[in-house]
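Colleague: One file is attached below, run.pdb, containing PDB, C-alpha atoms, pLDDT in the B column.
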MODEL        1
ATOM      1  CA  MET I   9     -15.136 -14.380  -4.750  1.00 74.00           C
ATOM      2  CA  GLN I  10     -14.348 -13.178  -8.246  1.00 94.00           C
ATOM      3  CA  ASP I  11     -10.659 -12.877  -9.142  1.00 96.00           C
ATOM      4  CA  SER I  12      -9.323  -9.356  -8.664  1.00 96.00           C
ATOM      5  CA  ILE I  13      -7.343  -7.528 -11.317  1.00 96.00           C
ATOM      6  CA  PHE I  14      -4.241  -8.166  -9.165  1.00 97.00           C
ATOM      7  CA  THR I  15      -4.865 -11.916  -9.089  1.00 97.00           C
ATOM      8  CA  LYS I  16      -5.166 -11.861 -12.889  1.00 97.00           C
ATOM      9  CA  ILE I  17      -1.944  -9.843 -13.177  1.00 97.00           C
ATOM     10  CA  ILE I  18      -0.073 -12.221 -10.839  1.00 97.00           C
ATOM     11  CA  ARG I  19      -1.225 -15.197 -12.951  1.00 97.00           C
ATOM     12  CA  GLY I  20      -0.042 -13.418 -16.120  1.00 97.00           C
ATOM     13  CA  GLU I  21      -3.532 -12.996 -17.606  1.00 97.00           C
ATOM     14  CA  ILE I  22      -3.188  -9.192 -17.714  1.00 96.00           C
ATOM     15  CA  PRO I  23       0.086  -7.445 -18.574  1.00 95.00           C
ATOM     16  CA  ALA I  24       1.808  -5.307 -15.961  1.00 96.00           C
ATOM     17  CA  TYR I  25       5.081  -3.513 -15.355  1.00 96.00           C
ATOM     18  CA  LYS I  26       6.371  -5.885 -12.684  1.00 96.00           C
ATOM     19  CA  ILE I  27       9.278  -4.626 -10.619  1.00 96.00           C
ATOM     20  CA  TYR I  28       9.512  -7.373  -7.985  1.00 96.00           C
ATOM     21  CA  GLU I  29       8.114 -10.786  -7.142  1.00 97.00           C
ATOM     22  CA  ASP I  30       8.735 -13.424  -4.508  1.00 98.00           C
ATOM     23  CA  ASP I  31       6.733 -16.414  -3.295  1.00 98.00           C
ATOM     24  CA  LYS I  32       4.252 -14.285  -1.285  1.00 98.00           C
ATOM     25  CA  THR I  33       4.237 -10.797  -2.865  1.00 98.00           C
ATOM     26  CA  PHE I  34       4.173  -8.970  -6.168  1.00 97.00           C
ATOM     27  CA  ALA I  35       5.077  -5.325  -6.937  1.00 96.00           C
ATOM     28  CA  LEU I  36       4.132  -3.426 -10.077  1.00 95.00           C
ATOM     29  CA  LEU I  37       3.917   0.101 -11.389  1.00 96.00           C
ATOM     30  CA  ASP I  38       0.524   1.778 -11.010  1.00 95.00           C
ATOM     31  CA  ILE I  39      -0.985   2.653 -14.408  1.00 94.00           C
ATOM     32  CA  ARG I  40      -2.566   5.764 -12.856  1.00 91.00           C
ATOM     33  CA  PRO I  41       0.433   7.109 -10.938  1.00 92.00           C
ATOM     34  CA  MET I  42       0.224   9.846  -8.338  1.00 87.00           C
ATOM     35  CA  GLN I  43       3.873  10.517  -9.238  1.00 86.00           C
ATOM     36  CA  PRO I  44       6.237   8.836 -11.703  1.00 90.00           C
ATOM     37  CA  GLY I  45       7.478   5.714  -9.928  1.00 93.00           C
ATOM     38  CA  HIS I  46       4.184   4.963  -8.130  1.00 94.00           C
ATOM     39  CA  VAL I  47       4.332   1.278  -7.148  1.00 95.00           C
ATOM     40  CA  LEU I  48       1.674  -1.112  -5.839  1.00 96.00           C
ATOM     41  CA  VAL I  49       2.729  -3.963  -3.556  1.00 98.00           C
ATOM     42  CA  VAL I  50       0.219  -6.807  -3.247  1.00 98.00           C
ATOM     43  CA  PRO I  51       0.157 -10.160  -1.493  1.00 98.00           C
ATOM     44  CA  LYS I  52      -0.303 -13.091  -3.844  1.00 98.00           C
ATOM     45  CA  ILE I  53      -3.203 -14.304  -1.724  1.00 98.00           C
ATOM     46  CA  GLN I  54      -6.400 -12.412  -2.557  1.00 97.00           C
ATOM     47  CA  ILE I  55      -7.736 -10.925   0.676  1.00 97.00           C
ATOM     48  CA  ASP I  56      -9.827  -7.741   0.774  1.00 96.00           C
ATOM     49  CA  LYS I  57      -8.535  -6.072   3.969  1.00 95.00           C
ATOM     50  CA  PHE I  58      -4.902  -5.948   5.110  1.00 95.00           C
ATOM     51  CA  TYR I  59      -5.856  -6.799   8.703  1.00 96.00           C
ATOM     52  CA  ASP I  60      -7.505 -10.039   7.530  1.00 97.00           C
ATOM     53  CA  LEU I  61      -4.264 -11.387   6.038  1.00 97.00           C
ATOM     54  CA  PRO I  62      -2.773 -14.456   7.727  1.00 98.00           C
ATOM     55  CA  ASP I  63       0.180 -13.296   9.848  1.00 98.00           C
ATOM     56  CA  GLU I  64       2.762 -14.884   7.535  1.00 98.00           C
ATOM     57  CA  ASP I  65       1.392 -13.035   4.499  1.00 98.00           C
ATOM     58  CA  TYR I  66       1.012  -9.788   6.461  1.00 98.00           C
ATOM     59  CA  VAL I  67       4.670  -9.891   7.521  1.00 98.00           C
ATOM     60  CA  ALA I  68       5.808 -10.800   3.988  1.00 98.00           C
ATOM     61  CA  LEU I  69       3.819  -7.880   2.550  1.00 98.00           C
ATOM     62  CA  TRP I  70       5.428  -5.357   4.894  1.00 98.00           C
ATOM     63  CA  GLN I  71       8.908  -6.817   4.315  1.00 98.00           C
ATOM     64  CA  THR I  72       8.411  -6.281   0.582  1.00 98.00           C
ATOM     65  CA  VAL I  73       7.045  -2.766   1.148  1.00 98.00           C
ATOM     66  CA  LYS I  74      10.190  -1.917   3.114  1.00 98.00           C
ATOM     67  CA  LYS I  75      12.475  -3.456   0.479  1.00 97.00           C
ATOM     68  CA  ILE I  76      10.768  -1.577  -2.371  1.00 96.00           C
ATOM     69  CA  ALA I  77      10.598   1.733  -0.455  1.00 97.00           C
ATOM     70  CA  LEU I  78      14.327   1.630   0.339  1.00 97.00           C
ATOM     71  CA  HIS I  79      15.108   0.755  -3.278  1.00 96.00           C
ATOM     72  CA  MET I  80      12.896   3.553  -4.607  1.00 95.00           C
ATOM     73  CA  GLU I  81      14.525   6.109  -2.329  1.00 94.00           C
ATOM     74  CA  LYS I  82      17.996   4.981  -3.396  1.00 95.00           C
ATOM     75  CA  ILE I  83      17.171   5.051  -7.129  1.00 93.00           C
ATOM     76  CA  LEU I  84      14.870   8.090  -7.260  1.00 92.00           C
ATOM     77  CA  GLY I  85      16.526  10.176  -4.538  1.00 92.00           C
ATOM     78  CA  GLN I  86      13.251  11.096  -2.863  1.00 90.00           C
ATOM     79  CA  ARG I  87      11.477  10.048   0.315  1.00 92.00           C
ATOM     80  CA  THR I  88       8.985   7.264  -0.354  1.00 94.00           C
ATOM     81  CA  LEU I  89       5.448   7.750   0.919  1.00 93.00           C
ATOM     82  CA  LEU I  90       2.857   5.027   1.369  1.00 94.00           C
ATOM     83  CA  LYS I  91      -0.891   4.794   1.378  1.00 94.00           C
ATOM     84  CA  ILE I  92      -3.453   2.070   1.996  1.00 93.00           C
ATOM     85  CA  VAL I  93      -6.829   2.957   0.545  1.00 88.00           C
ATOM     86  CA  GLY I  94      -8.673  -0.356   0.403  1.00 81.00           C
ATOM     87  CA  ILE I  95     -11.844   0.533  -1.458  1.00 86.00           C
ATOM     88  CA  ASP I  96     -10.997   0.433  -5.146  1.00 88.00           C
ATOM     89  CA  VAL I  97      -9.947  -3.223  -5.572  1.00 93.00           C
ATOM     90  CA  PRO I  98     -10.965  -6.027  -3.165  1.00 94.00           C
ATOM     91  CA  HIS I  99      -7.355  -7.229  -2.863  1.00 97.00           C
ATOM     92  CA  VAL I 100      -4.910  -5.763  -0.326  1.00 97.00           C
ATOM     93  CA  HIS I 101      -2.475  -3.363  -1.939  1.00 97.00           C
ATOM     94  CA  ILE I 102      -0.044  -0.792  -0.625  1.00 97.00           C
ATOM     95  CA  HIS I 103       0.686   2.319  -2.688  1.00 96.00           C
ATOM     96  CA  LEU I 104       4.302   3.520  -2.615  1.00 95.00           C
ATOM     97  CA  PHE I 105       5.173   6.751  -4.357  1.00 92.00           C
ATOM     98  CA  PRO I 106       7.971   9.285  -4.356  1.00 91.00           C
ATOM     99  CA  ALA I 107       7.270  12.426  -2.341  1.00 88.00           C
ATOM    100  CA  ASP I 108       6.702  15.493  -4.480  1.00 79.00           C
ATOM    101  CA  PRO I 109       9.414  17.931  -3.363  1.00 74.00           C
ATOM    102  CA  ASN I 110       7.026  20.799  -4.193  1.00 75.00           C
ATOM    103  CA  MET I 111       4.200  19.411  -2.043  1.00 72.00           C
ATOM    104  CA  PRO I 112       3.128  22.029   0.511  1.00 69.00           C
ATOM    105  CA  PRO I 113       3.380  21.063   4.177  1.00 67.00           C
ATOM    106  CA  ASN I 114       0.286  19.711   5.858  1.00 67.00           C
ATOM    107  CA  GLU I 115      -1.916  22.714   6.590  1.00 66.00           C
ATOM    108  CA  LEU I 116      -4.891  20.973   8.182  1.00 66.00           C
ATOM    109  CA  PRO I 117      -6.335  22.721  11.227  1.00 74.00           C
ATOM    110  CA  ILE I 118      -5.296  21.450  14.643  1.00 78.00           C
ATOM    111  CA  ALA I 119      -8.091  19.469  16.277  1.00 80.00           C
ATOM    112  CA  ASP I 120      -9.809  20.704  19.413  1.00 85.00           C
ATOM    113  CA  ASP I 121      -8.435  19.170  22.639  1.00 90.00           C
ATOM    114  CA  ALA I 122     -11.905  18.157  23.853  1.00 91.00           C
ATOM    115  CA  GLU I 123     -12.622  16.376  20.556  1.00 90.00           C
ATOM    116  CA  LEU I 124      -9.280  14.596  20.683  1.00 85.00           C
ATOM    117  CA  ALA I 125      -9.837  13.474  24.292  1.00 89.00           C
ATOM    118  CA  LYS I 126     -13.307  12.164  23.452  1.00 90.00           C
ATOM    119  CA  MET I 127     -12.052  10.217  20.405  1.00 89.00           C
ATOM    120  CA  ALA I 128      -9.051   8.858  22.314  1.00 90.00           C
ATOM    121  CA  GLU I 129     -11.403   7.519  24.984  1.00 92.00           C
ATOM    122  CA  LYS I 130     -13.619   5.964  22.321  1.00 92.00           C
ATOM    123  CA  LEU I 131     -10.747   4.214  20.493  1.00 89.00           C
ATOM    124  CA  ARG I 132      -8.467   3.322  23.424  1.00 91.00           C
ATOM    125  CA  LEU I 133      -7.437  -0.333  23.559  1.00 88.00           C
ATOM    126  CA  GLU I 134      -7.326  -1.930  26.991  1.00 83.00           C
TER     127      GLU I 134
ENDMDL
END
The structure given in the file should be rewritten as structure tokens.
Modeller:
Amino acid sequence: MQDSIFTKIIRGEIPAYKIYEDDKTFALLDIRPMQPGHVLVVPKIQIDKFYDLPDEDYVALWQTVKKIALHMEKILGQRTLLKIVGIDVPHVHIHLFPADPNMPPNELPIADDAELAKMAEKLRLE
């Protein structure tokens, strides 16, 4: 597998605005922010999908996400939102960004009960 941009950043081959690092994770500002303060949290191990991470790295990633989110909320005074997209870079990364206080509430239509029941049956874990 070719090194991802995040692997190159972690090794110091590409500059980044690092805000946190420990032995398993790295956090940096996104250069294309959804909001000022948009942070990416990545595991140091290059794995494409978050659910393929070894348990130790998975737990470390989410501990760092929590630490950064709490810090962002304290410093920026806004709720911190998160997003996992997983298609742009083949290296797990969690997007953390301050909530836009002017963002309208979710106005998506409510799903049909029959559709919800059918999908719940399809996805139910035994």
Colleague: Which polymer residues have any atom within 6 Å of an atom of stretch 89-106 of chain I, counting only C-alpha atoms, with same-chain residues fewer than 2 positions away left out, as a PDB file with C-alpha atoms, in the frame of the given file?
Modeller:
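Now in around_30.pdb:
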ATOM      1  CA  HIS I  46       4.184   4.963  -8.130  1.00 94.00           C
ATOM      2  CA  VAL I  47       4.332   1.278  -7.148  1.00 95.00           C
ATOM      3  CA  LEU I  48       1.674  -1.112  -5.839  1.00 96.00           C
ATOM      4  CA  VAL I  49       2.729  -3.963  -3.556  1.00 98.00           C
ATOM      5  CA  VAL I  50       0.219  -6.807  -3.247  1.00 98.00           C
ATOM      6  CA  GLN I  54      -6.400 -12.412  -2.557  1.00 97.00           C
ATOM      7  CA  ILE I  55      -7.736 -10.925   0.676  1.00 97.00           C
ATOM      8  CA  ASP I  56      -9.827  -7.741   0.774  1.00 96.00           C
ATOM      9  CA  LYS I  57      -8.535  -6.072   3.969  1.00 95.00           C
ATOM     10  CA  PHE I  58      -4.902  -5.948   5.110  1.00 95.00           C
ATOM     11  CA  GLN I  86      13.251  11.096  -2.863  1.00 90.00           C
ATOM     12  CA  ARG I  87      11.477  10.048   0.315  1.00 92.00           C
TER      13      ARG I  87
END
Colleague: Between I:Leu37, I:Ile118, I:Ile27, I:Ala128, which residue has the minimum interatomic distance to I:His79, considering all atoms listed in the file?
Modeller: I:Ile27
Colleague: Using 4 Å of padding on each side, determine the axis-aligned box around all atoms of stretch 88-106 of chain I present in the file and give its centre and edge lengths in Å to one decimal, as lines of an AutoDock Vina configuration file.
Modeller:
center_x = -1.4
center_y = 1.0
center_z = -1.8
size_x = 28.8
size_y = 24.5
size_z = 15.6
Colleague: In Å, with one decimal, what is the gap from atom CA of I:Arg19 to atom CA of I:Gln43?
Modeller: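 These two atoms are separated by 26.5 Å.
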Colleague: How would you write, as a list in words, the residues chosen by the PyMOL selection byres ((chain I and resi 71) around 12) on this structure?
Modeller: Asp30, Lys32, Thr33, Phe34, Ala35, Val49, Val50, Pro51, Glu64, Asp65, Tyr66, Val67, Ala68, Leu69, Trp70, Thr72, Val73, Lys74, Lys75, Ile76, Ala77, Leu78 and Ile102 of chain I
Colleague: Enter the distance from atom CA of I:Ser12 to atom CA of I:Leu36, in Å, rounded to one decimal.
Modeller: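 Value for the atom CA of I:Ser12-atom CA of I:Leu36 distance: 14.8 Å.
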Colleague: Which of these residues is nearest to I:Gly45, using all atoms listed in the file: I:Glu81, I:Asp63, I:Asp11, I:Glu29?
Modeller: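 Counting all atoms listed in the file, the residue closest to I:Gly45 is I:Glu81.
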Colleague: Any idea what the distance is between atom CA of I:Ile53 and atom CA of I:Lys16?
Modeller: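 These atoms are spaced 11.6 Å apart.
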Colleague: Would you list the residues near (0.5, -7.5, -11.9), meaning any protein, DNA or RNA residue with an atom at most 6 Å from that point in file coordinates, counting only C-alpha atoms, as a list of chain:residue names?
Modeller: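 Checking each residue against the 6 Å limit leaves I:Phe14, I:Ile17, I:Ile18, I:Ala24, I:Leu36.
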